[in-house]
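Here the structure is laid out as C-alpha cells; the discussion comes afterwards.
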Amino acid sequence: MKTLILLLLTTQLSFAQFADQERLTLSVNTEPKAYINDGLNIGLDLELQNKWFYIGVGTYQFPNLNDIGYSQYHSNIGLNYRNPKDNIRLYLGGLGGLVFREGKANTVLGIENGIEYYFGRLGVGLEWYYAKRRDAVYFDGEQHSFNGQIKFIYKIK
C-alpha cells in the first residue's frame, strides 16, 4: 500500500511540473477484427497526458467472447511524444489489470503502443498491445495475445 501511495504521489509531482502541457482525454475503442469474428466489444479509457508521460484507467467489455462474458478493468502508464503542433501523439507504455469471466478474477499484464491524431477537441488513434492474460482456459490455453484497436477520442482539457 505504501508503494502504491508513493507511486501515485511521484506521478502527480511529475505531472505537476508540466501542468501547462496537460491534456485529459476520454476515448471509446473497439477491436475491429474481434468485432467481425466474435461480436460487440467496446472499451472506455480516461487518460491524463503531458508532453512526455501519461497515466490512465479504463475498461474493456466483450459481452460474448467465446460464448462467455469478458470484463477487463485496467490502468496504464508510459511515455509519449507530442509533436510541436500538438496534433500527433506517439506512445509506449505498460498496461495491467483484472479480467473477470464467470465471476473469476484473472490478471492481465501487457505492453501498449500507438499513434493518435487530433483535430481540435476530437481525435482518432490506432493502438496495438501485447498482453499476457491469466484467463487462458477460455482461449485454448493461449496466454499471450496481440490485439489492435481503433480509438475515437474526445479532449476534455
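We name chains A, B, ... following the order of the C-alpha cells; residues begin at 1 in each chain, and ligands are numbered from 1 as shown.
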
6 Å contact set for Ile153 in chain A, only C-alpha atoms, chain neighbours under 3 positions out, as a PDB file with N, CA and C atoms, in the first residue's frame:
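See part_15.pdb below for the written result:
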```pdb
ATOM      1  N   LEU A  26     -10.843  11.347 -23.075  1.00  0.00           N
ATOM      2  CA  LEU A  26     -11.775  10.243 -22.905  1.00  0.00           C
ATOM      3  C   LEU A  26     -11.879   9.577 -24.274  1.00  0.00           C
ATOM      4  N   SER A  27     -11.628   8.272 -24.316  1.00  0.00           N
ATOM      5  CA  SER A  27     -11.691   7.597 -25.614  1.00  0.00           C
ATOM      6  C   SER A  27     -12.592   6.370 -25.550  1.00  0.00           C
ATOM      7  N   LEU A 122     -11.318  16.737 -30.958  1.00  0.00           N
ATOM      8  CA  LEU A 122     -11.557  15.337 -31.329  1.00  0.00           C
ATOM      9  C   LEU A 122     -10.280  14.702 -31.871  1.00  0.00           C
ATOM     10  N   GLY A 123     -10.215  13.385 -31.776  1.00  0.00           N
ATOM     11  CA  GLY A 123      -9.061  12.679 -32.292  1.00  0.00           C
ATOM     12  C   GLY A 123      -9.401  11.247 -32.641  1.00  0.00           C
ATOM     13  N   VAL A 124      -8.513  10.631 -33.390  1.00  0.00           N
ATOM     14  CA  VAL A 124      -8.609   9.216 -33.724  1.00  0.00           C
ATOM     15  C   VAL A 124      -7.251   8.596 -33.457  1.00  0.00           C
TER      16      VAL A 124
END
```

Tyr73 in chain A: which residues within 12 Å, counting only C-alpha atoms, same-chain residues fewer than 6 positions away excluded, as a PyMOL selection string? chain A and resi 43-46+56-62+95-101+105-109

Atoms kept (C-alpha atoms) for selection, written as an mmCIF file, in the first residue's frame:
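Here's the written file part-v2.cif:
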```
data_model
loop_
_atom_site.group_PDB
_atom_site.id
_atom_site.type_symbol
_atom_site.label_atom_id
_atom_site.label_comp_id
_atom_site.auth_asym_id
_atom_site.auth_seq_id
_atom_site.Cartn_x
_atom_site.Cartn_y
_atom_site.Cartn_z
ATOM 1 C CA GLY A 43 -13.651 -0.028 -24.340
ATOM 2 C CA LEU A 44 -13.647 3.270 -22.490
ATOM 3 C CA ASP A 45 -10.454 4.976 -21.281
ATOM 4 C CA LEU A 46 -9.684 8.136 -19.320
ATOM 5 C CA GLY A 56 -4.843 6.313 -17.307
ATOM 6 C CA VAL A 57 -7.614 3.945 -16.306
ATOM 7 C CA GLY A 58 -10.140 2.093 -18.383
ATOM 8 C CA THR A 59 -12.475 -0.779 -19.011
ATOM 9 C CA TYR A 60 -12.972 -3.140 -21.917
ATOM 10 C CA GLN A 61 -16.176 -5.138 -22.311
ATOM 11 C CA PHE A 62 -16.726 -8.108 -24.586
ATOM 12 C CA LEU A 95 -0.934 -1.968 -19.012
ATOM 13 C CA GLY A 96 -2.113 -4.036 -16.042
ATOM 14 C CA GLY A 97 -5.433 -5.027 -14.591
ATOM 15 C CA LEU A 98 -8.026 -7.673 -13.951
ATOM 16 C CA VAL A 99 -10.230 -9.694 -16.274
ATOM 17 C CA PHE A 100 -13.492 -11.125 -14.958
ATOM 18 C CA ARG A 101 -15.045 -14.202 -16.578
ATOM 19 C CA ALA A 105 -10.772 -12.624 -11.496
ATOM 20 C CA ASN A 106 -7.662 -13.126 -13.627
ATOM 21 C CA THR A 107 -4.728 -10.807 -14.204
ATOM 22 C CA VAL A 108 -3.761 -9.139 -17.461
ATOM 23 C CA LEU A 109 -0.351 -7.533 -17.986
#
```

If you count only C-alpha atoms, the residue of A:Gly120, A:Leu48, A:Lys33, A:Asn87 closest to Phe146 in chain A turns out to be A:Lys33

From the DSSP assignment of the backbone, select every residue of range 82-122 of chain A that is strand (DSSP E or B), and format the answer as number ranges by chain. A: 82, 88-101, 104-119, 122

Would you save the residues from that selection as an mmCIF file, in the first residue's frame, using N, CA and C atoms?
```cif
data_model
loop_
_atom_site.group_PDB
_atom_site.id
_atom_site.type_symbol
_atom_site.label_atom_id
_atom_site.label_comp_id
_atom_site.auth_asym_id
_atom_site.auth_seq_id
_atom_site.Cartn_x
_atom_site.Cartn_y
_atom_site.Cartn_z
ATOM 1 N N ARG A 82 4.513 14.234 -28.053
ATOM 2 C CA ARG A 82 3.534 15.054 -28.755
ATOM 3 C C ARG A 82 4.303 16.054 -29.605
ATOM 4 N N ILE A 88 -0.283 15.369 -33.100
ATOM 5 C CA ILE A 88 0.112 13.972 -33.259
ATOM 6 C C ILE A 88 0.761 13.499 -31.963
ATOM 7 N N ARG A 89 0.388 12.314 -31.528
ATOM 8 C CA ARG A 89 0.942 11.725 -30.308
ATOM 9 C C ARG A 89 1.366 10.293 -30.586
ATOM 10 N N LEU A 90 2.577 9.960 -30.177
ATOM 11 C CA LEU A 90 3.096 8.597 -30.206
ATOM 12 C C LEU A 90 3.294 8.162 -28.764
ATOM 13 N N TYR A 91 3.002 6.905 -28.430
ATOM 14 C CA TYR A 91 3.164 6.483 -27.039
ATOM 15 C C TYR A 91 3.568 5.022 -26.927
ATOM 16 N N LEU A 92 4.178 4.703 -25.790
ATOM 17 C CA LEU A 92 4.605 3.354 -25.453
ATOM 18 C C LEU A 92 4.535 3.216 -23.945
ATOM 19 N N GLY A 93 3.860 2.184 -23.468
ATOM 20 C CA GLY A 93 3.723 2.036 -22.022
ATOM 21 C C GLY A 93 3.289 0.646 -21.612
ATOM 22 N N GLY A 94 2.993 0.522 -20.345
ATOM 23 C CA GLY A 94 2.554 -0.739 -19.781
ATOM 24 C C GLY A 94 1.093 -0.680 -19.380
ATOM 25 N N LEU A 95 0.480 -1.845 -19.344
ATOM 26 C CA LEU A 95 -0.934 -1.968 -19.012
ATOM 27 C C LEU A 95 -1.081 -3.138 -18.042
ATOM 28 N N GLY A 96 -1.858 -2.958 -16.993
ATOM 29 C CA GLY A 96 -2.113 -4.036 -16.042
ATOM 30 C C GLY A 96 -3.519 -3.933 -15.494
ATOM 31 N N GLY A 97 -4.085 -5.063 -15.141
ATOM 32 C CA GLY A 97 -5.433 -5.027 -14.591
ATOM 33 C C GLY A 97 -5.991 -6.407 -14.324
ATOM 34 N N LEU A 98 -7.311 -6.440 -14.235
ATOM 35 C CA LEU A 98 -8.026 -7.673 -13.951
ATOM 36 C C LEU A 98 -9.062 -7.944 -15.034
ATOM 37 N N VAL A 99 -9.212 -9.223 -15.345
ATOM 38 C CA VAL A 99 -10.230 -9.694 -16.274
ATOM 39 C C VAL A 99 -11.187 -10.570 -15.472
ATOM 40 N N PHE A 100 -12.477 -10.326 -15.642
ATOM 41 C CA PHE A 100 -13.492 -11.125 -14.958
ATOM 42 C C PHE A 100 -14.257 -11.943 -15.985
ATOM 43 N N ARG A 101 -14.278 -13.274 -15.745
ATOM 44 C CA ARG A 101 -15.045 -14.202 -16.578
ATOM 45 C C ARG A 101 -15.660 -15.230 -15.656
ATOM 46 N N LYS A 104 -14.852 -15.080 -11.990
ATOM 47 C CA LYS A 104 -13.485 -15.301 -11.530
ATOM 48 C C LYS A 104 -12.591 -14.176 -12.026
ATOM 49 N N ALA A 105 -11.715 -13.686 -11.135
ATOM 50 C CA ALA A 105 -10.772 -12.624 -11.496
ATOM 51 C C ALA A 105 -9.462 -13.239 -11.966
ATOM 52 N N ASN A 106 -8.948 -12.715 -13.073
ATOM 53 C CA ASN A 106 -7.662 -13.126 -13.627
ATOM 54 C C ASN A 106 -6.867 -11.878 -13.973
ATOM 55 N N THR A 107 -5.557 -11.970 -13.911
ATOM 56 C CA THR A 107 -4.728 -10.807 -14.204
ATOM 57 C C THR A 107 -4.470 -10.680 -15.704
ATOM 58 N N VAL A 108 -4.217 -9.448 -16.112
ATOM 59 C CA VAL A 108 -3.761 -9.139 -17.461
ATOM 60 C C VAL A 108 -2.606 -8.147 -17.309
ATOM 61 N N LEU A 109 -1.535 -8.378 -18.047
ATOM 62 C CA LEU A 109 -0.351 -7.533 -17.986
ATOM 63 C C LEU A 109 0.212 -7.442 -19.392
ATOM 64 N N GLY A 110 0.512 -6.215 -19.845
ATOM 65 C CA GLY A 110 0.977 -6.100 -21.220
ATOM 66 C C GLY A 110 1.703 -4.809 -21.525
ATOM 67 N N ILE A 111 2.067 -4.697 -22.789
ATOM 68 C CA ILE A 111 2.752 -3.521 -23.334
ATOM 69 C C ILE A 111 1.853 -2.952 -24.420
ATOM 70 N N GLU A 112 1.698 -1.632 -24.424
ATOM 71 C CA GLU A 112 0.865 -0.983 -25.436
ATOM 72 C C GLU A 112 1.676 0.066 -26.177
ATOM 73 N N ASN A 113 1.307 0.320 -27.420
ATOM 74 C CA ASN A 113 1.872 1.435 -28.161
ATOM 75 C C ASN A 113 0.853 1.893 -29.186
ATOM 76 N N GLY A 114 1.015 3.125 -29.637
ATOM 77 C CA GLY A 114 0.047 3.625 -30.590
ATOM 78 C C GLY A 114 0.371 4.990 -31.128
ATOM 79 N N ILE A 115 -0.509 5.439 -31.977
ATOM 80 C CA ILE A 115 -0.417 6.767 -32.577
ATOM 81 C C ILE A 115 -1.812 7.386 -32.560
ATOM 82 N N GLU A 116 -1.861 8.677 -32.285
ATOM 83 C CA GLU A 116 -3.139 9.410 -32.267
ATOM 84 C C GLU A 116 -2.986 10.689 -33.084
ATOM 85 N N TYR A 117 -4.066 11.091 -33.712
ATOM 86 C CA TYR A 117 -4.106 12.344 -34.452
ATOM 87 C C TYR A 117 -5.285 13.159 -33.927
ATOM 88 N N TYR A 118 -5.025 14.423 -33.588
ATOM 89 C CA TYR A 118 -6.050 15.309 -33.042
ATOM 90 C C TYR A 118 -6.362 16.422 -34.024
ATOM 91 N N PHE A 119 -7.635 16.721 -34.149
ATOM 92 C CA PHE A 119 -8.089 17.880 -34.906
ATOM 93 C C PHE A 119 -9.077 18.597 -34.007
ATOM 94 N N LEU A 122 -11.318 16.737 -30.958
ATOM 95 C CA LEU A 122 -11.557 15.337 -31.329
ATOM 96 C C LEU A 122 -10.280 14.702 -31.871
#
```

As a list in words, list the residues of range 23-86 of chain A assigned to helix (DSSP H, G or I) by DSSP on the backbone atoms of this structure. Pro32, Lys33, Ala34, Tyr35, Ile36, Asn37 and Asp38 of chain A

Go ahead and save the picked residues with C-alpha atoms, as a compact mmCIF listing (two decimals), in the first residue's frame.
```txt
# COMPACT_ATOMS: atom_id res chain seq x y z
CA PRO A 32 -12.41 -4.40 -35.44
CA LYS A 33 -11.06 -7.91 -36.13
CA ALA A 34 -12.61 -9.24 -32.90
CA TYR A 35 -15.85 -7.40 -33.72
CA ILE A 36 -16.04 -9.16 -37.10
CA ASN A 37 -15.13 -12.59 -35.69
CA ASP A 38 -16.77 -12.59 -32.25
```

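From CA of Tyr130 in chain A back to CA of Lys51 in chain A, the distance works out to 24.3 Å.
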
What's the separation between CA of Val28 in chain A and CA of Tyr154 in chain A, in Å to one decimal place?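 For CA of Val28 in chain A relative to CA of Tyr154 in chain A, the distance reads 8.7 Å.
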
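Nearest-residue note for Glu127 in chain A: choosing from A:Glu31, A:Ser145, A:Ile156, A:Pro63, the minimum distance belongs to A:Glu31, counting only C-alpha atoms.
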